[in-house]
Amino acid sequence: MGAFLDRFLLLYVYLILILSFSSFFVSESSSVFSSCKLRRQFYLNGMHKPGDVVLGGLFEVHYTSVFPELSFTSEPNQLTCQGFDTAGFRHAMTMAFTIDEINKNSHLLPNVTLGYSLYDNCATLVIGFSAALLLASGQEEQFLLQEKCLGTPPVLGIVGDSFSTFSIATSDVIGLFNLPIVSYYATCSCLSDRRRFPTFFRTIPSDTFQVRAMIKILKRFGWTWAGLLVSDDDYGLHVARTFQSDLAQSGGGCLAYSEILPWGEDPAEVKRIVEIMKKSTARVVIVFAHQIHMIQLMDEVVRENVTSLQWMASEAWSAAAVLQTPRLMPYLSGTLGISIRRGEIPGLRDFLLRIRSDIHISSSGNNYGHSMVMQFWEYTFQCRFAPPPAGWMEAGGELCTGQEDLESGGAELLDVSDLRPEYNIYKAVYALAYALDDLLQCKPGRGPFSGHSCATLQTSEPWQFMHYLEKVNFTTSFGDQVSFDENGDALPIYDVMNWLWLPDGRTKVQNVGLVKKLASKDEELTLDDDKIFWNFDSKQSPLSVCSESCPPGTRMARRKGQPLCCFDCVPCSEGKISNDTDSVECTSCPEDFWSNAKRDHCVLKKTEFLSYHEPLGVCLTMTSLVGTFICAVVLGIFTYHRSTPIVRANNSELSFLLLVSLKLCFLCSLLFIGRPRLWTCQLRHAAFGISFVLCVSCILVKTMVVLAVFKASKPGGGTSLKWFGAVQQRGTVMVLTSIQATICTAWIVSASPAPHKNTQYHNDKIVYECVVGSTVGFAVLLGYIGLLAVLSFLLAFLARNLPDNFNEAKLITFSMLIFCAVWVAFVPAYVNSPGKYADAVEVFAILASSFGLLLALFGPKCYIILLRPERNTKKAIMGCSITKT
């Protein structure tokens, strides 16, 4: 509604403009009319000082006005200004002081005297716009049509206005005449549009920079969840759009709500907004609005007792004394605000002390009512001068003398300890003065205009003055650089303020930081955290987030239908980690790494293989060594008793070779224990295959010898023994073993077994194993051993019932039965055992079959040799058998 009213008033003043300017050209003929009269007089509150060049100024000396009732009388009804604003009056006097200081400066504009025409906009668009028209068109009621124009000197530039909406309206029209306007308080980013506002400049940063400064503060304290309140005008609505856009681009947070504060009295709407603030989980409230909005808002906040909020103030109210009251400070203390850069203006206080109403009454040149100084005097000392004309609020009290003690009664005016808008006004006036000085310093023939010409004070056009104003670059006495960019904006710099509520009830607005931007650099935020006062029990920065930060080891999962800042923390899955706070996704660990229990680091995967250091590996190793030791003992016993019949029976050479092969079988099992390497992977199966083939070959040959001997004992069977002599037995064993050696060689050459890191069994472990390389080669190796074992078993089974006191065929049959049973059970157990357990199964099969052969074949013989030596005689052995030695 406020924005609609502003646009309605803007249309109204545009109509006034058309009527006013058309009046200059209303004449029937020069012979009838000798002068041109303004169609409309604007009765405005102002203050003037003559000079060679006049600068205009628009200030808010009253902060409200009353619209008159419509009337069609001959005299137009006037708006009534109410509510004297001492700070606004000090702003106007700052411009008067600055011009006085420049006039005294012998180095700046030495031969030119500056004058001023300062007007009060009464915080009303119609009045402010009317004042701007007066500055652009002149104030004299009547101009004589002579060869040389008489009247007030032209206004070279205007300092103002304080409101963005007013500046937009003024610049839209005044810009048509190339008359420069330098604002000290209008911050709307829309005013940086150079195509629409080609003559607008400002010494206060744009809201675009202020928004980025706010976002930097939000990031600094980790506030990702905040509410935004803006005024219903160009200032607030542009900020709302810019803030939401920049916040989304920066990824610095989200808005819990965004509301527009109404103009005028609207208690229901304000109450609705406060209810939203009260229910929201956002603890930070950002307000881009004017003092009047904050007064209405805080009345409802106090009524609802909404506490525990962290307020962030825009420059429009960050230093508002009207809000720093004992009633509001329990709620507003701790406020962080963006404030206009504070500066120092030496001599300003002394200038203000020299104000005397009688001096300014005589020199004001104001024929339309009280001068600003008179109104200030009446407001400050509650007295009155002569009754003012209709349209101005009449002061009460006694008559003013003009000699009242200003130092004791004007403390608010004389307080120059925190000059902020005043400092911007100071810079604005100096910018115009330096531009004019540059124009006058131009040397003919070296000028920037056509034909290298220069402009003069008498012939200069506004656009020529604009050329110099765009290139202004100077440094104030306070040390701040002043220049304008391509959009007419000054180098941005803001102070960061903090509202402190002292124990004695006093309030203090202290500077706790600085935000500035230098050429070709991003914004820089400097904060003194130790100085910041927090209005919370913890005395620490509050937490304002929609969702708690996701710790390392988790990722953010956005909640459907809610802003990006609202999310759940989901733990990373196995094998993935996040080592940063608020990670959007989890990253997979490298191949040899796995996530730790907290999912925040990748650690080396545990390695698994049949190790010598684990109980299973130790047991198998010890068993292998025990078997090897037993073989050595048996071999020693047989060697010691090698001449006895039991050892010499059935080819003692094969018995010794069989013991050696069994010993190799026990030892080859050690190749399956320990970290797999290329040589162990290649050797383990080859050694295992060859050792067992050597062992089974010896048993097969021994079985065949038993059958041949039995057959030779029968009539006509003697010729069978010639095929089983010692040479033939050794040759048969060597041939059968060579076949296995050939198989192993072909397997290793064609598809060699190799170590492999297997991650299929366990995600968090690396299982080191030997891949067989060629399954066919492995199957042929096992098949060949199985073939010889089955053949030995069948032959021994056929010879088991041969008549003999010591029939070795029975022992061979039993040993082969054990051997075949072990290896038949081995195949499914091996296939279904993962990782190191497959190696353990194979080692167990090797050891079991080796012990079976060792005990079954040599156990009875050792029993006879050691415990029943009486049976170890040739007579006892040959009771029913014929033995060949």
# chains A, B, ... in the order shown; residues from 1 in each chain; ligands from 1
$ residues_around --residues "stretch 532-545 of chain A" --least-positions-apart "3" --cutoff "7 Å" --atoms "only C-alpha atoms" --output "ChimeraX atom specification"
/A:223-226,282-284,308,333-334,498,500,512,529,548
$ write_last_selection --atoms "all heavy atoms" --output "compact mmCIF listing (two decimals), in the first residue's frame"
# COMPACT_ATOMS: atom_id res chain seq x y z
N TRP A 223 25.29 -18.09 11.01
CA TRP A 223 23.82 -17.95 11.04
C TRP A 223 23.28 -18.27 9.65
O TRP A 223 23.33 -17.44 8.75
CB TRP A 223 23.43 -16.54 11.46
CG TRP A 223 23.86 -16.18 12.85
CD1 TRP A 223 24.03 -17.03 13.89
CD2 TRP A 223 24.18 -14.87 13.34
NE1 TRP A 223 24.44 -16.35 15.01
CE2 TRP A 223 24.53 -15.01 14.71
CE3 TRP A 223 24.20 -13.60 12.78
CZ2 TRP A 223 24.90 -13.94 15.50
CZ3 TRP A 223 24.56 -12.53 13.57
CH2 TRP A 223 24.90 -12.69 14.91
N THR A 224 22.75 -19.45 9.48
CA THR A 224 22.23 -19.88 8.17
C THR A 224 20.72 -19.83 8.09
O THR A 224 20.14 -20.19 7.08
CB THR A 224 22.69 -21.31 7.87
OG1 THR A 224 22.21 -22.19 8.92
CG2 THR A 224 24.21 -21.40 7.82
N TRP A 225 20.07 -19.36 9.14
CA TRP A 225 18.61 -19.37 9.20
C TRP A 225 18.16 -18.04 9.81
O TRP A 225 18.37 -17.80 10.99
CB TRP A 225 18.15 -20.55 10.05
CG TRP A 225 16.70 -20.92 10.03
CD1 TRP A 225 15.87 -21.05 11.10
CD2 TRP A 225 15.90 -21.27 8.89
NE1 TRP A 225 14.63 -21.43 10.72
CE2 TRP A 225 14.61 -21.58 9.35
CE3 TRP A 225 16.15 -21.32 7.52
CZ2 TRP A 225 13.58 -21.96 8.50
CZ3 TRP A 225 15.12 -21.71 6.67
CH2 TRP A 225 13.86 -22.01 7.15
N ALA A 226 17.64 -17.16 8.98
CA ALA A 226 17.32 -15.81 9.44
C ALA A 226 16.02 -15.34 8.84
O ALA A 226 15.55 -15.84 7.81
CB ALA A 226 18.45 -14.84 9.07
N ALA A 282 14.12 -19.31 13.63
CA ALA A 282 15.22 -18.40 13.31
C ALA A 282 15.43 -17.42 14.46
O ALA A 282 14.49 -16.75 14.89
CB ALA A 282 14.92 -17.65 12.02
N ARG A 283 16.65 -17.35 14.95
CA ARG A 283 16.96 -16.44 16.07
C ARG A 283 17.49 -15.10 15.59
O ARG A 283 17.64 -14.17 16.40
CB ARG A 283 18.01 -17.09 16.98
CG ARG A 283 17.58 -18.37 17.67
CD ARG A 283 16.47 -18.12 18.68
NE ARG A 283 15.14 -18.19 18.06
CZ ARG A 283 14.05 -17.65 18.56
NH1 ARG A 283 14.11 -16.93 19.67
NH2 ARG A 283 12.88 -17.77 17.94
N VAL A 284 17.80 -14.97 14.31
CA VAL A 284 18.35 -13.75 13.75
C VAL A 284 17.28 -13.07 12.90
O VAL A 284 16.65 -13.71 12.05
CB VAL A 284 19.60 -14.03 12.90
CG1 VAL A 284 20.10 -12.76 12.23
CG2 VAL A 284 20.70 -14.62 13.78
N SER A 308 14.99 -13.14 23.13
CA SER A 308 15.98 -14.08 22.59
C SER A 308 16.12 -13.98 21.08
O SER A 308 16.26 -14.98 20.38
CB SER A 308 15.64 -15.52 23.00
OG SER A 308 15.62 -15.66 24.39
N SER A 333 19.07 -4.68 22.83
CA SER A 333 20.49 -4.68 23.19
C SER A 333 21.18 -5.88 22.54
O SER A 333 20.60 -6.96 22.41
CB SER A 333 20.66 -4.73 24.70
OG SER A 333 20.06 -5.89 25.24
N GLY A 334 22.41 -5.64 22.13
CA GLY A 334 23.14 -6.68 21.40
C GLY A 334 22.96 -6.59 19.90
O GLY A 334 23.57 -7.37 19.16
N ASN A 498 27.37 -2.11 17.36
CA ASN A 498 26.81 -3.04 18.34
C ASN A 498 26.17 -2.22 19.46
O ASN A 498 26.79 -1.31 20.00
CB ASN A 498 27.91 -3.95 18.89
CG ASN A 498 27.40 -4.96 19.90
OD1 ASN A 498 28.01 -5.15 20.95
ND2 ASN A 498 26.29 -5.62 19.63
N LEU A 500 25.03 -1.65 23.05
CA LEU A 500 25.44 -2.12 24.37
C LEU A 500 24.55 -1.48 25.44
O LEU A 500 24.35 -0.26 25.45
CB LEU A 500 26.91 -1.75 24.62
CG LEU A 500 27.52 -2.13 25.96
CD1 LEU A 500 27.52 -3.63 26.13
CD2 LEU A 500 28.94 -1.59 26.05
N VAL A 512 32.35 -1.98 16.33
CA VAL A 512 33.03 -3.26 16.56
C VAL A 512 33.66 -3.82 15.28
O VAL A 512 34.20 -4.94 15.30
CB VAL A 512 32.06 -4.31 17.15
CG1 VAL A 512 31.58 -3.88 18.52
CG2 VAL A 512 30.86 -4.53 16.21
N ASP A 529 35.67 -9.46 17.82
CA ASP A 529 34.70 -10.31 18.51
C ASP A 529 34.66 -10.05 20.01
O ASP A 529 33.61 -10.19 20.65
CB ASP A 529 35.02 -11.79 18.26
CG ASP A 529 34.83 -12.17 16.81
OD1 ASP A 529 34.21 -11.37 16.08
OD2 ASP A 529 35.29 -13.24 16.39
N GLU A 548 20.91 -28.53 12.56
CA GLU A 548 22.26 -28.55 13.11
C GLU A 548 23.25 -28.99 12.04
O GLU A 548 22.92 -29.76 11.14
CB GLU A 548 22.35 -29.51 14.30
CG GLU A 548 21.52 -29.10 15.50
CD GLU A 548 22.18 -27.98 16.29
OE1 GLU A 548 23.35 -27.68 16.01
OE2 GLU A 548 21.51 -27.40 17.17
$ residues_around --residues "A:Tyr184" --least-positions-apart "6" --cutoff "6 Å" --atoms "only C-alpha atoms" --output "mmCIF file with N, CA, C and O atoms, in the first residue's frame"
data_model
loop_
_atom_site.group_PDB
_atom_site.id
_atom_site.type_symbol
_atom_site.label_atom_id
_atom_site.label_comp_id
_atom_site.auth_asym_id
_atom_site.auth_seq_id
_atom_site.Cartn_x
_atom_site.Cartn_y
_atom_site.Cartn_z
ATOM 1 N N ARG A 202 26.178 9.412 -5.295
ATOM 2 C CA ARG A 202 25.952 9.304 -3.853
ATOM 3 C C ARG A 202 27.266 9.004 -3.136
ATOM 4 O O ARG A 202 28.158 8.348 -3.686
ATOM 5 N N THR A 203 27.298 9.497 -1.919
ATOM 6 C CA THR A 203 28.482 9.252 -1.085
ATOM 7 C C THR A 203 28.217 8.177 -0.048
ATOM 8 O O THR A 203 29.072 7.906 0.801
ATOM 9 N N ILE A 204 27.061 7.567 -0.098
ATOM 10 C CA ILE A 204 26.736 6.435 0.760
ATOM 11 C C ILE A 204 26.728 5.191 -0.115
ATOM 12 O O ILE A 204 26.313 5.255 -1.277
ATOM 13 N N ASN A 424 28.838 12.108 5.260
ATOM 14 C CA ASN A 424 28.498 11.908 3.855
ATOM 15 C C ASN A 424 28.108 13.222 3.182
ATOM 16 O O ASN A 424 28.415 13.455 2.006
ATOM 17 N N ILE A 425 27.387 14.086 3.930
ATOM 18 C CA ILE A 425 27.027 15.403 3.398
ATOM 19 C C ILE A 425 28.301 16.218 3.151
ATOM 20 O O ILE A 425 28.446 16.884 2.114
#
$ residues_around --residues "stretch 815-830 of chain A" --least-positions-apart "6" --cutoff "9 Å" --atoms "only C-alpha atoms" --output "list in words"
Val696, Ile699, Gly786, Ala789, Val790, Ser792, Phe793, Ala796, Tyr837, Ala838, Asp839, Ala840, Val841, Glu842, Phe844, Ala845, Ile846, Ala848, Ser849, Ser850, Gly852, Leu853, Leu854, Leu855, Ala856 and Leu857 of chain A
$ write_last_selection --atoms "N, CA, C and O atoms" --output "compact mmCIF listing (two decimals), in the first residue's frame"
# COMPACT_ATOMS: atom_id res chain seq x y z
N VAL A 696 52.62 -91.25 -4.19
CA VAL A 696 51.64 -92.22 -4.68
C VAL A 696 52.29 -93.17 -5.69
O VAL A 696 51.94 -94.36 -5.76
N ILE A 699 53.93 -95.91 -3.85
CA ILE A 699 52.93 -96.86 -3.31
C ILE A 699 52.40 -97.73 -4.43
O ILE A 699 52.21 -98.95 -4.27
N GLY A 786 44.78 -88.00 -8.31
CA GLY A 786 43.64 -88.87 -8.00
C GLY A 786 43.66 -90.16 -8.80
O GLY A 786 43.30 -91.24 -8.28
N ALA A 789 46.16 -92.46 -7.29
CA ALA A 789 45.69 -92.92 -5.99
C ALA A 789 44.60 -93.97 -6.14
O ALA A 789 44.60 -95.00 -5.44
N VAL A 790 43.66 -93.75 -7.06
CA VAL A 790 42.57 -94.73 -7.29
C VAL A 790 43.16 -96.02 -7.82
O VAL A 790 42.75 -97.14 -7.41
N SER A 792 46.19 -97.19 -7.35
CA SER A 792 46.88 -97.87 -6.25
C SER A 792 45.88 -98.53 -5.31
O SER A 792 46.10 -99.66 -4.83
N PHE A 793 44.77 -97.82 -5.04
CA PHE A 793 43.75 -98.38 -4.15
C PHE A 793 43.15 -99.66 -4.74
O PHE A 793 42.98 -100.67 -4.04
N ALA A 796 45.76 -102.52 -4.64
CA ALA A 796 45.96 -102.96 -3.26
C ALA A 796 44.73 -103.71 -2.75
O ALA A 796 44.85 -104.67 -1.98
N TYR A 837 40.89 -69.43 4.53
CA TYR A 837 40.34 -70.72 4.93
C TYR A 837 40.46 -71.74 3.82
O TYR A 837 40.53 -72.95 4.07
N ALA A 838 40.51 -71.29 2.56
CA ALA A 838 40.76 -72.21 1.46
C ALA A 838 42.17 -72.77 1.57
O ALA A 838 42.40 -73.98 1.36
N ASP A 839 43.12 -71.90 1.89
CA ASP A 839 44.50 -72.37 2.09
C ASP A 839 44.57 -73.32 3.27
O ASP A 839 45.30 -74.33 3.25
N ALA A 840 43.85 -73.00 4.35
CA ALA A 840 43.87 -73.86 5.54
C ALA A 840 43.29 -75.24 5.22
O ALA A 840 43.82 -76.28 5.69
N VAL A 841 42.22 -75.25 4.40
CA VAL A 841 41.63 -76.54 4.01
C VAL A 841 42.62 -77.36 3.20
O VAL A 841 42.77 -78.59 3.41
N GLU A 842 43.33 -76.69 2.27
CA GLU A 842 44.30 -77.42 1.45
C GLU A 842 45.46 -77.92 2.30
O GLU A 842 45.92 -79.06 2.12
N PHE A 844 45.31 -78.60 5.48
CA PHE A 844 44.77 -79.69 6.30
C PHE A 844 44.69 -80.99 5.50
O PHE A 844 45.01 -82.08 6.00
N ALA A 845 44.25 -80.89 4.23
CA ALA A 845 44.17 -82.09 3.39
C ALA A 845 45.55 -82.69 3.16
O ALA A 845 45.72 -83.93 3.18
N ILE A 846 46.51 -81.83 2.93
CA ILE A 846 47.89 -82.32 2.72
C ILE A 846 48.40 -83.03 3.97
O ILE A 846 48.96 -84.14 3.90
N ALA A 848 46.62 -84.21 6.52
CA ALA A 848 45.82 -85.40 6.88
C ALA A 848 46.20 -86.59 6.01
O ALA A 848 46.38 -87.72 6.51
N SER A 849 46.29 -86.38 4.70
CA SER A 849 46.63 -87.49 3.81
C SER A 849 48.07 -87.94 4.06
O SER A 849 48.37 -89.16 3.99
N SER A 850 48.96 -87.00 4.37
CA SER A 850 50.36 -87.39 4.63
C SER A 850 50.45 -88.21 5.91
O SER A 850 51.16 -89.24 5.96
N GLY A 852 48.04 -89.93 7.17
CA GLY A 852 47.37 -91.21 6.91
C GLY A 852 48.31 -92.21 6.26
O GLY A 852 48.36 -93.39 6.65
N LEU A 853 49.04 -91.73 5.26
CA LEU A 853 49.99 -92.62 4.59
C LEU A 853 51.12 -93.02 5.52
O LEU A 853 51.54 -94.19 5.55
N LEU A 854 51.64 -92.03 6.29
CA LEU A 854 52.76 -92.30 7.17
C LEU A 854 52.39 -93.34 8.24
O LEU A 854 53.12 -94.33 8.46
N LEU A 855 51.26 -93.15 8.86
CA LEU A 855 50.86 -94.05 9.95
C LEU A 855 50.41 -95.41 9.42
O LEU A 855 50.72 -96.46 10.02
N ALA A 856 49.66 -95.39 8.31
CA ALA A 856 49.13 -96.66 7.80
C ALA A 856 50.24 -97.54 7.23
O ALA A 856 50.23 -98.77 7.39
N LEU A 857 51.23 -96.94 6.56
CA LEU A 857 52.26 -97.72 5.92
C LEU A 857 53.42 -98.05 6.84
O LEU A 857 54.01 -99.14 6.76
$ closest_residue --among "A:Lys874, A:Arg354, A:Arg220, A:Lys508" --to "A:Ala320" --atoms "only C-alpha atoms"
A:Lys508
$ residues_around --residues "stretch 412-415 of chain A" --least-positions-apart "4" --cutoff "10 Å" --atoms "only C-alpha atoms" --output "PyMOL selection string"
chain A and resi 85-91+93+348-353+376+380+406-408+419
$ select_by_dssp --residues "stretch 342-528 of chain A" --states "strand (DSSP E or B)" --output "PyMOL selection string"
chain A and resi 343+384+392+399+419+473-475+481-484+489-490+493-501+507-516+524-527
$ select_by_dssp --residues "stretch 96-293 of chain A" --states "helix (DSSP H, G or I)" --output "number ranges by chain"
A: 96-104, 125-137, 164-177, 189-192, 207-220, 234-250, 267-279, 291-293
$ residues_around --residues "stretch 465-476 of chain A" --least-positions-apart "3" --cutoff "9 Å" --atoms "only C-alpha atoms" --output "list in words"
Leu156, Asn178, Leu179, Pro180, Thr199, Phe201, Lys427, Tyr430, Ala431, Leu432, Tyr434, Ala435, Leu436, Asp438, Leu439, Pro448, Ala455, Ser460, Glu461, Pro462, Gly479, Asp480, Gln481, Val482, Ser483, Phe484, Asp485, Glu486 and Gly488 of chain A
$ residues_around --residues "A:Thr187" --least-positions-apart "5" --cutoff "9 Å" --atoms "only C-alpha atoms" --output "list in words"
Ser162, Phe163, Ser164, Arg202, Ile204, Pro205, Ser206, Asp207, Thr208, Gln210 and Tyr235 of chain A
$ write_last_selection --atoms "all heavy atoms" --output "compact mmCIF listing (two decimals), in the first residue's frame"
# COMPACT_ATOMS: atom_id res chain seq x y z
N SER A 162 17.34 12.39 1.18
CA SER A 162 17.68 11.37 2.17
C SER A 162 16.95 10.06 1.94
O SER A 162 17.40 9.02 2.40
CB SER A 162 17.38 11.89 3.57
OG SER A 162 16.02 12.28 3.67
N PHE A 163 15.80 10.08 1.23
CA PHE A 163 15.03 8.87 1.00
C PHE A 163 15.27 8.35 -0.42
O PHE A 163 15.37 9.14 -1.36
CB PHE A 163 13.54 9.13 1.19
CG PHE A 163 13.15 9.47 2.60
CD1 PHE A 163 13.05 10.78 3.01
CD2 PHE A 163 12.90 8.47 3.52
CE1 PHE A 163 12.69 11.10 4.30
CE2 PHE A 163 12.55 8.78 4.82
CZ PHE A 163 12.44 10.10 5.23
N SER A 164 15.31 7.04 -0.56
CA SER A 164 15.51 6.45 -1.88
C SER A 164 14.35 6.77 -2.81
O SER A 164 14.55 7.12 -3.98
CB SER A 164 15.68 4.93 -1.76
OG SER A 164 16.88 4.60 -1.11
N ARG A 202 26.18 9.41 -5.30
CA ARG A 202 25.95 9.30 -3.85
C ARG A 202 27.27 9.00 -3.14
O ARG A 202 28.16 8.35 -3.69
CB ARG A 202 24.91 8.24 -3.52
CG ARG A 202 25.16 6.87 -4.12
CD ARG A 202 24.03 5.93 -3.79
NE ARG A 202 23.96 4.79 -4.70
CZ ARG A 202 22.92 3.96 -4.78
NH1 ARG A 202 21.88 4.16 -3.99
NH2 ARG A 202 22.91 2.96 -5.61
N ILE A 204 27.06 7.57 -0.10
CA ILE A 204 26.74 6.43 0.76
C ILE A 204 26.73 5.19 -0.12
O ILE A 204 26.31 5.25 -1.28
CB ILE A 204 25.37 6.63 1.46
CG1 ILE A 204 25.14 5.52 2.49
CG2 ILE A 204 24.23 6.69 0.45
CD1 ILE A 204 23.90 5.75 3.35
N PRO A 205 27.20 4.06 0.36
CA PRO A 205 27.23 2.86 -0.48
C PRO A 205 25.83 2.40 -0.86
O PRO A 205 24.85 2.65 -0.16
CB PRO A 205 27.94 1.83 0.40
CG PRO A 205 28.71 2.63 1.39
CD PRO A 205 27.90 3.86 1.64
N SER A 206 25.76 1.70 -1.96
CA SER A 206 24.50 1.12 -2.43
C SER A 206 24.08 -0.03 -1.51
O SER A 206 24.90 -0.66 -0.84
CB SER A 206 24.68 0.60 -3.86
OG SER A 206 23.68 -0.32 -4.20
N ASP A 207 22.77 -0.30 -1.51
CA ASP A 207 22.27 -1.43 -0.72
C ASP A 207 22.85 -2.76 -1.18
O ASP A 207 22.89 -3.73 -0.43
CB ASP A 207 20.74 -1.50 -0.80
CG ASP A 207 20.08 -0.49 0.10
OD1 ASP A 207 20.70 -0.12 1.11
OD2 ASP A 207 18.95 -0.06 -0.20
N THR A 208 23.28 -2.80 -2.43
CA THR A 208 23.91 -4.04 -2.92
C THR A 208 25.12 -4.38 -2.07
O THR A 208 25.31 -5.55 -1.68
CB THR A 208 24.34 -3.86 -4.39
OG1 THR A 208 23.19 -3.58 -5.19
CG2 THR A 208 25.02 -5.11 -4.91
N GLN A 210 25.63 -3.20 1.00
CA GLN A 210 25.16 -3.41 2.36
C GLN A 210 24.63 -4.83 2.54
O GLN A 210 24.85 -5.47 3.57
CB GLN A 210 24.08 -2.40 2.71
CG GLN A 210 23.63 -2.47 4.16
CD GLN A 210 22.64 -1.41 4.55
OE1 GLN A 210 22.27 -1.29 5.70
NE2 GLN A 210 22.19 -0.61 3.59
N TYR A 235 13.19 1.32 -1.27
CA TYR A 235 14.34 0.92 -0.46
C TYR A 235 14.21 -0.53 0.01
O TYR A 235 15.09 -1.37 -0.20
CB TYR A 235 14.44 1.88 0.72
CG TYR A 235 15.39 1.45 1.83
CD1 TYR A 235 16.75 1.41 1.63
CD2 TYR A 235 14.89 1.13 3.10
CE1 TYR A 235 17.61 1.04 2.65
CE2 TYR A 235 15.74 0.76 4.12
CZ TYR A 235 17.10 0.72 3.89
OH TYR A 235 17.93 0.35 4.91
$ residues_around --residues "A:Phe129" --least-positions-apart "2" --cutoff "9 Å" --atoms "only C-alpha atoms" --output "tab-separated table (two decimals) with C-alpha atoms, in the first residue's frame"
chain	number	residue	atom	x	y	z
A	10	LEU	CA	4.90	10.71	-7.90
A	13	VAL	CA	4.12	15.84	-8.69
A	14	TYR	CA	4.85	15.02	-12.33
A	121	ASN	CA	11.29	17.87	2.55
A	124	THR	CA	6.96	13.85	2.28
A	125	LEU	CA	7.41	13.08	-1.39
A	126	VAL	CA	5.29	16.02	-2.64
A	127	ILE	CA	7.24	18.57	-0.60
A	131	ALA	CA	11.69	21.71	-3.47
A	132	ALA	CA	13.71	19.97	-6.18
A	133	LEU	CA	11.68	21.75	-8.86
A	134	LEU	CA	12.32	25.08	-7.17
A	166	PHE	CA	12.36	10.70	-3.10
A	167	SER	CA	15.69	10.41	-4.91
A	169	ALA	CA	11.35	10.71	-8.22
A	170	THR	CA	13.70	13.68	-8.22
$ closest_residue --among "A:Gln382, A:Ile748, A:Lys663, A:Val302" --to "A:Arg684" --atoms "only C-alpha atoms"
A:Ile748
$ atom_distance --atom1 "atom CA of A:Val54" --atom2 "atom CA of A:Cys454"
20.7 Å
$ closest_residue --among "A:Ala136, A:Leu502, A:Val633, A:Ala597" --to "A:Thr325" --atoms "only C-alpha atoms"
A:Leu502
$ atom_distance --atom1 "atom CA of A:Ser643" --atom2 "atom CA of A:Leu867"
17.0 Å
$ closest_residue --among "A:Thr554, A:Ser318, A:Ser750, A:Thr775" --to "A:Asp582" --atoms "only C-alpha atoms"
A:Thr554
